[in-house]
file data-v9.cif (mmCIF, N, CA and C atoms)
data_input
loop_
_atom_site.label_atom_id
_atom_site.label_comp_id
_atom_site.auth_asym_id
_atom_site.auth_seq_id
_atom_site.Cartn_x
_atom_site.Cartn_y
_atom_site.Cartn_z
N MET A 1 18.85 -0.75 -17.13
CA MET A 1 18.26 -1.78 -16.30
C MET A 1 19.36 -2.48 -15.51
N PRO A 2 19.13 -2.72 -14.24
CA PRO A 2 20.16 -3.36 -13.41
C PRO A 2 20.34 -4.83 -13.76
N SER A 3 21.57 -5.30 -13.59
CA SER A 3 21.88 -6.70 -13.89
C SER A 3 21.94 -7.54 -12.63
N HIS A 4 22.54 -6.98 -11.58
CA HIS A 4 22.72 -7.74 -10.35
C HIS A 4 21.41 -7.86 -9.59
N LYS A 5 21.29 -8.96 -8.87
CA LYS A 5 20.11 -9.21 -8.07
C LYS A 5 19.91 -8.11 -7.02
N SER A 6 21.01 -7.72 -6.39
CA SER A 6 20.93 -6.70 -5.35
C SER A 6 20.53 -5.34 -5.93
N ALA A 7 20.97 -5.04 -7.14
CA ALA A 7 20.62 -3.78 -7.78
C ALA A 7 19.13 -3.75 -8.14
N LYS A 8 18.60 -4.90 -8.54
CA LYS A 8 17.16 -4.98 -8.84
C LYS A 8 16.34 -4.74 -7.58
N LYS A 9 16.80 -5.35 -6.49
CA LYS A 9 16.09 -5.18 -5.21
C LYS A 9 16.15 -3.73 -4.77
N ARG A 10 17.33 -3.13 -4.90
CA ARG A 10 17.51 -1.73 -4.51
C ARG A 10 16.58 -0.83 -5.33
N MET A 11 16.39 -1.15 -6.60
CA MET A 11 15.52 -0.37 -7.47
C MET A 11 14.06 -0.49 -7.01
N ARG A 12 13.65 -1.70 -6.64
CA ARG A 12 12.29 -1.90 -6.14
C ARG A 12 12.07 -1.12 -4.85
N GLN A 13 13.03 -1.23 -3.94
CA GLN A 13 12.92 -0.53 -2.66
C GLN A 13 12.87 0.98 -2.86
N SER A 14 13.72 1.45 -3.75
CA SER A 14 13.80 2.89 -4.00
C SER A 14 12.47 3.43 -4.53
N ALA A 15 11.86 2.69 -5.45
CA ALA A 15 10.59 3.13 -6.03
C ALA A 15 9.49 3.16 -4.97
N LYS A 16 9.49 2.14 -4.12
CA LYS A 16 8.47 2.03 -3.07
C LYS A 16 8.62 3.17 -2.06
N ARG A 17 9.86 3.43 -1.66
CA ARG A 17 10.11 4.50 -0.69
C ARG A 17 9.84 5.87 -1.27
N ASN A 18 10.18 6.05 -2.55
CA ASN A 18 9.94 7.31 -3.23
C ASN A 18 8.45 7.63 -3.23
N GLU A 19 7.63 6.63 -3.50
CA GLU A 19 6.18 6.82 -3.52
C GLU A 19 5.66 7.19 -2.14
N ALA A 20 6.14 6.50 -1.11
CA ALA A 20 5.71 6.79 0.26
C ALA A 20 6.14 8.19 0.69
N ASN A 21 7.36 8.57 0.34
CA ASN A 21 7.87 9.90 0.71
C ASN A 21 7.08 11.00 0.02
N ARG A 22 6.76 10.80 -1.25
CA ARG A 22 5.99 11.80 -1.98
C ARG A 22 4.60 11.96 -1.39
N ALA A 23 4.00 10.84 -0.98
CA ALA A 23 2.67 10.89 -0.37
C ALA A 23 2.71 11.65 0.96
N ALA A 24 3.74 11.37 1.76
CA ALA A 24 3.86 12.03 3.07
C ALA A 24 4.08 13.53 2.90
N LEU A 25 4.93 13.92 1.95
CA LEU A 25 5.17 15.35 1.72
C LEU A 25 3.92 16.04 1.18
N GLY A 26 3.20 15.33 0.32
CA GLY A 26 1.96 15.89 -0.22
C GLY A 26 0.93 16.12 0.86
N LYS A 27 0.81 15.15 1.78
CA LYS A 27 -0.14 15.28 2.89
C LYS A 27 0.24 16.47 3.77
N MET A 28 1.55 16.63 4.01
CA MET A 28 2.02 17.74 4.83
C MET A 28 1.69 19.07 4.17
N ARG A 29 1.99 19.20 2.90
CA ARG A 29 1.72 20.45 2.19
C ARG A 29 0.23 20.77 2.18
N THR A 30 -0.60 19.74 1.97
CA THR A 30 -2.05 19.95 1.93
C THR A 30 -2.56 20.47 3.27
N LEU A 31 -2.11 19.86 4.36
CA LEU A 31 -2.57 20.31 5.68
C LEU A 31 -2.11 21.73 5.98
N ILE A 32 -0.88 22.06 5.59
CA ILE A 32 -0.37 23.42 5.82
C ILE A 32 -1.21 24.43 5.05
N LYS A 33 -1.52 24.11 3.79
CA LYS A 33 -2.34 25.02 2.98
C LYS A 33 -3.74 25.16 3.57
N LYS A 34 -4.27 24.05 4.11
CA LYS A 34 -5.60 24.08 4.70
C LYS A 34 -5.63 25.01 5.91
N VAL A 35 -4.60 24.94 6.75
CA VAL A 35 -4.54 25.81 7.93
C VAL A 35 -4.38 27.27 7.50
N LEU A 36 -3.48 27.53 6.55
CA LEU A 36 -3.20 28.90 6.15
C LEU A 36 -4.33 29.54 5.35
N SER A 37 -5.23 28.72 4.81
CA SER A 37 -6.35 29.28 4.06
C SER A 37 -7.58 29.50 4.93
N THR A 38 -7.50 29.09 6.18
CA THR A 38 -8.62 29.23 7.11
C THR A 38 -8.70 30.68 7.61
N LYS A 39 -9.91 31.18 7.69
CA LYS A 39 -10.12 32.56 8.16
C LYS A 39 -10.64 32.60 9.59
N GLU A 40 -11.07 31.46 10.12
CA GLU A 40 -11.62 31.40 11.47
C GLU A 40 -10.57 30.82 12.42
N LYS A 41 -10.35 31.49 13.54
CA LYS A 41 -9.33 31.04 14.50
C LYS A 41 -9.66 29.68 15.12
N PRO A 42 -10.88 29.41 15.57
CA PRO A 42 -11.17 28.09 16.17
C PRO A 42 -10.98 26.94 15.18
N GLU A 43 -11.36 27.18 13.93
CA GLU A 43 -11.21 26.16 12.90
C GLU A 43 -9.73 25.87 12.64
N ALA A 44 -8.92 26.92 12.60
CA ALA A 44 -7.48 26.76 12.38
C ALA A 44 -6.83 26.02 13.55
N GLU A 45 -7.25 26.35 14.76
CA GLU A 45 -6.69 25.69 15.94
C GLU A 45 -7.05 24.21 15.99
N SER A 46 -8.21 23.85 15.45
CA SER A 46 -8.59 22.44 15.45
C SER A 46 -7.72 21.63 14.48
N LEU A 47 -7.24 22.27 13.41
CA LEU A 47 -6.36 21.60 12.45
C LEU A 47 -4.90 21.59 12.89
N LEU A 48 -4.60 22.39 13.90
CA LEU A 48 -3.21 22.62 14.30
C LEU A 48 -2.49 21.35 14.75
N SER A 49 -3.11 20.56 15.62
CA SER A 49 -2.41 19.39 16.17
C SER A 49 -2.11 18.36 15.09
N ASP A 50 -3.05 18.14 14.16
CA ASP A 50 -2.81 17.20 13.06
C ASP A 50 -1.65 17.69 12.18
N THR A 51 -1.65 18.98 11.90
CA THR A 51 -0.61 19.54 11.05
C THR A 51 0.75 19.44 11.70
N TYR A 52 0.84 19.79 12.99
CA TYR A 52 2.11 19.67 13.71
C TYR A 52 2.59 18.23 13.73
N SER A 53 1.67 17.31 13.92
CA SER A 53 2.03 15.89 13.97
C SER A 53 2.64 15.43 12.65
N VAL A 54 2.02 15.81 11.55
CA VAL A 54 2.51 15.40 10.23
C VAL A 54 3.87 16.04 9.95
N ILE A 55 4.05 17.30 10.33
CA ILE A 55 5.33 17.98 10.13
C ILE A 55 6.42 17.30 10.96
N ASP A 56 6.11 16.97 12.21
CA ASP A 56 7.10 16.31 13.07
C ASP A 56 7.49 14.93 12.54
N LYS A 57 6.51 14.20 12.02
CA LYS A 57 6.81 12.87 11.46
C LYS A 57 7.70 12.99 10.22
N ALA A 58 7.43 13.99 9.39
CA ALA A 58 8.26 14.19 8.19
C ALA A 58 9.69 14.53 8.60
N SER A 59 9.83 15.32 9.65
CA SER A 59 11.16 15.68 10.13
C SER A 59 11.87 14.47 10.73
N LYS A 60 11.14 13.69 11.52
CA LYS A 60 11.71 12.51 12.17
C LYS A 60 12.19 11.48 11.14
N ASN A 61 11.43 11.34 10.05
CA ASN A 61 11.77 10.36 9.01
C ASN A 61 12.78 10.88 8.00
N GLY A 62 13.24 12.11 8.18
CA GLY A 62 14.28 12.64 7.31
C GLY A 62 13.77 13.22 6.00
N LEU A 63 12.48 13.44 5.88
CA LEU A 63 11.94 14.02 4.65
C LEU A 63 12.24 15.50 4.57
N ILE A 64 12.21 16.18 5.73
CA ILE A 64 12.58 17.58 5.78
C ILE A 64 13.54 17.77 6.96
N HIS A 65 14.35 18.80 6.88
CA HIS A 65 15.32 19.11 7.94
C HIS A 65 14.57 19.61 9.17
N HIS A 66 15.12 19.37 10.35
CA HIS A 66 14.42 19.77 11.58
C HIS A 66 14.24 21.28 11.69
N ASN A 67 15.17 22.05 11.12
CA ASN A 67 15.00 23.51 11.14
C ASN A 67 13.86 23.93 10.20
N ASN A 68 13.72 23.22 9.09
CA ASN A 68 12.64 23.48 8.16
C ASN A 68 11.30 23.20 8.84
N ALA A 69 11.23 22.11 9.60
CA ALA A 69 10.02 21.77 10.33
C ALA A 69 9.69 22.85 11.35
N ALA A 70 10.71 23.30 12.07
CA ALA A 70 10.51 24.34 13.08
C ALA A 70 10.02 25.63 12.42
N ARG A 71 10.57 25.96 11.28
CA ARG A 71 10.18 27.18 10.57
C ARG A 71 8.72 27.09 10.10
N LYS A 72 8.32 25.92 9.58
CA LYS A 72 6.94 25.74 9.15
C LYS A 72 5.97 25.87 10.33
N LYS A 73 6.32 25.25 11.44
CA LYS A 73 5.46 25.30 12.62
C LYS A 73 5.36 26.73 13.16
N ALA A 74 6.47 27.46 13.15
CA ALA A 74 6.47 28.84 13.64
C ALA A 74 5.62 29.73 12.73
N SER A 75 5.70 29.51 11.44
CA SER A 75 4.91 30.35 10.52
C SER A 75 3.43 30.08 10.69
N ILE A 76 3.06 28.81 10.91
CA ILE A 76 1.66 28.47 11.15
C ILE A 76 1.16 29.10 12.45
N ALA A 77 1.98 29.00 13.50
CA ALA A 77 1.62 29.57 14.79
C ALA A 77 1.45 31.09 14.68
N GLY A 78 2.33 31.74 13.94
CA GLY A 78 2.23 33.18 13.74
C GLY A 78 0.98 33.56 13.00
N TYR A 79 0.61 32.74 12.00
CA TYR A 79 -0.60 33.02 11.25
C TYR A 79 -1.84 32.91 12.15
N ILE A 80 -1.87 31.86 12.95
CA ILE A 80 -3.03 31.65 13.83
C ILE A 80 -3.10 32.76 14.87
N LYS A 81 -1.96 33.19 15.36
CA LYS A 81 -1.94 34.28 16.34
C LYS A 81 -2.48 35.57 15.72
N SER A 82 -2.23 35.78 14.43
CA SER A 82 -2.68 37.00 13.77
C SER A 82 -4.18 37.01 13.46
N LEU A 83 -4.83 35.83 13.55
CA LEU A 83 -6.27 35.79 13.26
C LEU A 83 -7.09 36.49 14.33
#
call {"tool": "encode", "arguments": {"input": "data-v9.cif", "output": "structure tokens"}}
result
Amino acid sequence: MPSHKSAKKRMRQSAKRNEANRAALGKMRTLIKKVLSTKEKPEAESLLSDTYSVIDKASKNGLIHHNNAARKKASIAGYIKSL
């Protein structure tokens, strides 16, 4: 347990941010799985903009590396093209 006031604050902030980051990553993974499990091209394309938006936000906020975001978006685009 932290003793200093600043260490206690840092612990509170860390827990709060950890929860937000986990939620954002979970939302991203869920949307990606939803797109990749779709068998209909129009349905997949309708989910595409939301999924790209969530991936870009995760990259912008430092949750995932920008190359990782690009790779995820490219794999989704390839899947939709193959439908």
call {"tool": "resolve_selection", "arguments": {"input": "data-v9.cif", "expression": "the PyMOL selection byres ((chain A and resi 80) around 8)", "output": "compact mmCIF listing (two decimals) with N, CA and C atoms, keeping the file's coordinate frame"}}
result
# COMPACT_ATOMS: atom_id res chain seq x y z
N VAL A 35 -4.60 24.94 6.75
CA VAL A 35 -4.54 25.81 7.93
C VAL A 35 -4.38 27.27 7.50
N LEU A 36 -3.48 27.53 6.55
CA LEU A 36 -3.20 28.90 6.15
C LEU A 36 -4.33 29.54 5.35
N GLU A 40 -11.07 31.46 10.12
CA GLU A 40 -11.62 31.40 11.47
C GLU A 40 -10.57 30.82 12.42
N LYS A 41 -10.35 31.49 13.54
CA LYS A 41 -9.33 31.04 14.50
C LYS A 41 -9.66 29.68 15.12
N ALA A 44 -8.92 26.92 12.60
CA ALA A 44 -7.48 26.76 12.38
C ALA A 44 -6.83 26.02 13.55
N GLU A 45 -7.25 26.35 14.76
CA GLU A 45 -6.69 25.69 15.94
C GLU A 45 -7.05 24.21 15.99
N ALA A 74 6.47 27.46 13.15
CA ALA A 74 6.47 28.84 13.64
C ALA A 74 5.62 29.73 12.73
N SER A 75 5.70 29.51 11.44
CA SER A 75 4.91 30.35 10.52
C SER A 75 3.43 30.08 10.69
N ILE A 76 3.06 28.81 10.91
CA ILE A 76 1.66 28.47 11.15
C ILE A 76 1.16 29.10 12.45
N ALA A 77 1.98 29.00 13.50
CA ALA A 77 1.62 29.57 14.79
C ALA A 77 1.45 31.09 14.68
N GLY A 78 2.33 31.74 13.94
CA GLY A 78 2.23 33.18 13.74
C GLY A 78 0.98 33.56 13.00
N TYR A 79 0.61 32.74 12.00
CA TYR A 79 -0.60 33.02 11.25
C TYR A 79 -1.84 32.91 12.15
N LYS A 81 -1.96 33.19 15.36
CA LYS A 81 -1.94 34.28 16.34
C LYS A 81 -2.48 35.57 15.72
N SER A 82 -2.23 35.78 14.43
CA SER A 82 -2.68 37.00 13.77
C SER A 82 -4.18 37.01 13.46
N LEU A 83 -4.83 35.83 13.55
CA LEU A 83 -6.27 35.79 13.26
C LEU A 83 -7.09 36.49 14.33
call {"tool": "atom_distance", "arguments": {"input": "data-v9.cif", "atom1": "atom CA of A:Asn18", "atom2": "atom CA of A:Leu63"}}
result
10.5 Å
call {"tool": "closest_residue", "arguments": {"input": "data-v9.cif", "among": "A:Asn61, A:Leu31, A:Ser3, A:Tyr52", "to": "A:Lys73", "atoms": "all atoms listed in the file"}}
result
A:Tyr52
call {"tool": "atom_distance", "arguments": {"input": "data-v9.cif", "atom1": "atom CA of A:Arg71", "atom2": "atom C of A:Asp56"}}
result
12.7 Å
call {"tool": "closest_residue", "arguments": {"input": "data-v9.cif", "among": "A:Glu43, A:Thr38, A:Ala24, A:Lys33", "to": "A:Ala58", "atoms": "all atoms listed in the file"}}
result
A:Ala24
call {"tool": "closest_residue", "arguments": {"input": "data-v9.cif", "among": "A:Leu25, A:Leu47, A:Met1, A:Ile32", "to": "A:Ile64", "atoms": "only C-alpha atoms"}}
result
A:Leu25
call {"tool": "atom_distance", "arguments": {"input": "data-v9.cif", "atom1": "atom CA of A:Lys72", "atom2": "atom CA of A:Ala20"}}
result
21.0 Å
call {"tool": "select_by_dssp", "arguments": {"input": "data-v9.cif", "residues": "chain A", "states": "helix (DSSP H, G or I)", "output": "count of residues only"}}
result
69
call {"tool": "closest_residue", "arguments": {"input": "data-v9.cif", "among": "A:Val54, A:Leu48, A:Ala15, A:Ala7", "to": "A:Lys27", "atoms": "only C-alpha atoms"}}
result
A:Val54
call {"tool": "build_atoms", "arguments": {"input": "data-v9.cif", "residues": "stretch 55-66 of chain A", "atoms": "all heavy atoms", "output": "compact mmCIF listing (two decimals), in the coordinates of the input"}}
result
# COMPACT_ATOMS: atom_id res chain seq x y z
N ILE A 55 4.05 17.30 10.33
CA ILE A 55 5.33 17.98 10.13
C ILE A 55 6.42 17.30 10.96
O ILE A 55 7.53 17.06 10.46
CB ILE A 55 5.22 19.48 10.49
CG1 ILE A 55 4.34 20.21 9.47
CG2 ILE A 55 6.60 20.13 10.54
CD1 ILE A 55 4.00 21.64 9.85
N ASP A 56 6.11 16.97 12.21
CA ASP A 56 7.10 16.31 13.07
C ASP A 56 7.49 14.93 12.54
O ASP A 56 8.65 14.54 12.60
CB ASP A 56 6.57 16.19 14.50
CG ASP A 56 6.55 17.52 15.24
OD1 ASP A 56 7.35 18.41 14.86
OD2 ASP A 56 5.77 17.67 16.18
N LYS A 57 6.51 14.20 12.02
CA LYS A 57 6.81 12.87 11.46
C LYS A 57 7.70 12.99 10.22
O LYS A 57 8.62 12.19 10.04
CB LYS A 57 5.51 12.14 11.10
CG LYS A 57 4.79 11.57 12.28
CD LYS A 57 3.49 10.91 11.88
CE LYS A 57 2.70 10.52 13.11
NZ LYS A 57 1.33 10.09 12.76
N ALA A 58 7.43 13.99 9.39
CA ALA A 58 8.26 14.19 8.19
C ALA A 58 9.69 14.53 8.60
O ALA A 58 10.65 14.06 7.99
CB ALA A 58 7.67 15.30 7.33
N SER A 59 9.83 15.32 9.65
CA SER A 59 11.16 15.68 10.13
C SER A 59 11.87 14.47 10.73
O SER A 59 13.05 14.22 10.46
CB SER A 59 11.03 16.77 11.19
OG SER A 59 12.26 17.04 11.78
N LYS A 60 11.14 13.69 11.52
CA LYS A 60 11.71 12.51 12.17
C LYS A 60 12.19 11.48 11.14
O LYS A 60 13.23 10.84 11.32
CB LYS A 60 10.67 11.86 13.10
CG LYS A 60 11.18 10.67 13.88
CD LYS A 60 10.09 10.04 14.70
CE LYS A 60 9.23 9.21 13.77
NZ LYS A 60 8.25 8.39 14.46
N ASN A 61 11.43 11.34 10.05
CA ASN A 61 11.77 10.36 9.01
C ASN A 61 12.78 10.88 8.00
O ASN A 61 13.11 10.19 7.04
CB ASN A 61 10.50 9.90 8.30
CG ASN A 61 9.60 9.11 9.20
OD1 ASN A 61 10.06 8.47 10.14
ND2 ASN A 61 8.31 9.16 8.96
N GLY A 62 13.24 12.11 8.18
CA GLY A 62 14.28 12.64 7.31
C GLY A 62 13.77 13.22 6.00
O GLY A 62 14.56 13.47 5.09
N LEU A 63 12.48 13.44 5.88
CA LEU A 63 11.94 14.02 4.65
C LEU A 63 12.24 15.50 4.57
O LEU A 63 12.45 16.04 3.48
CB LEU A 63 10.43 13.79 4.56
CG LEU A 63 9.98 12.34 4.51
CD1 LEU A 63 8.47 12.25 4.48
CD2 LEU A 63 10.56 11.66 3.29
N ILE A 64 12.21 16.18 5.73
CA ILE A 64 12.58 17.58 5.78
C ILE A 64 13.54 17.77 6.96
O ILE A 64 13.54 16.99 7.90
CB ILE A 64 11.36 18.52 5.93
CG1 ILE A 64 10.57 18.21 7.21
CG2 ILE A 64 10.46 18.45 4.71
CD1 ILE A 64 9.46 19.19 7.50
N HIS A 65 14.35 18.80 6.88
CA HIS A 65 15.32 19.11 7.94
C HIS A 65 14.57 19.61 9.17
O HIS A 65 13.49 20.20 9.05
CB HIS A 65 16.28 20.18 7.43
CG HIS A 65 17.50 20.36 8.27
ND1 HIS A 65 17.53 21.25 9.32
CD2 HIS A 65 18.71 19.76 8.23
CE1 HIS A 65 18.73 21.19 9.88
NE2 HIS A 65 19.46 20.29 9.25
N HIS A 66 15.12 19.37 10.35
CA HIS A 66 14.42 19.77 11.58
C HIS A 66 14.24 21.28 11.69
O HIS A 66 13.26 21.75 12.25
CB HIS A 66 15.12 19.20 12.82
CG HIS A 66 16.47 19.73 13.08
ND1 HIS A 66 17.60 19.19 12.51
CD2 HIS A 66 16.90 20.76 13.84
CE1 HIS A 66 18.66 19.87 12.92
NE2 HIS A 66 18.27 20.83 13.73
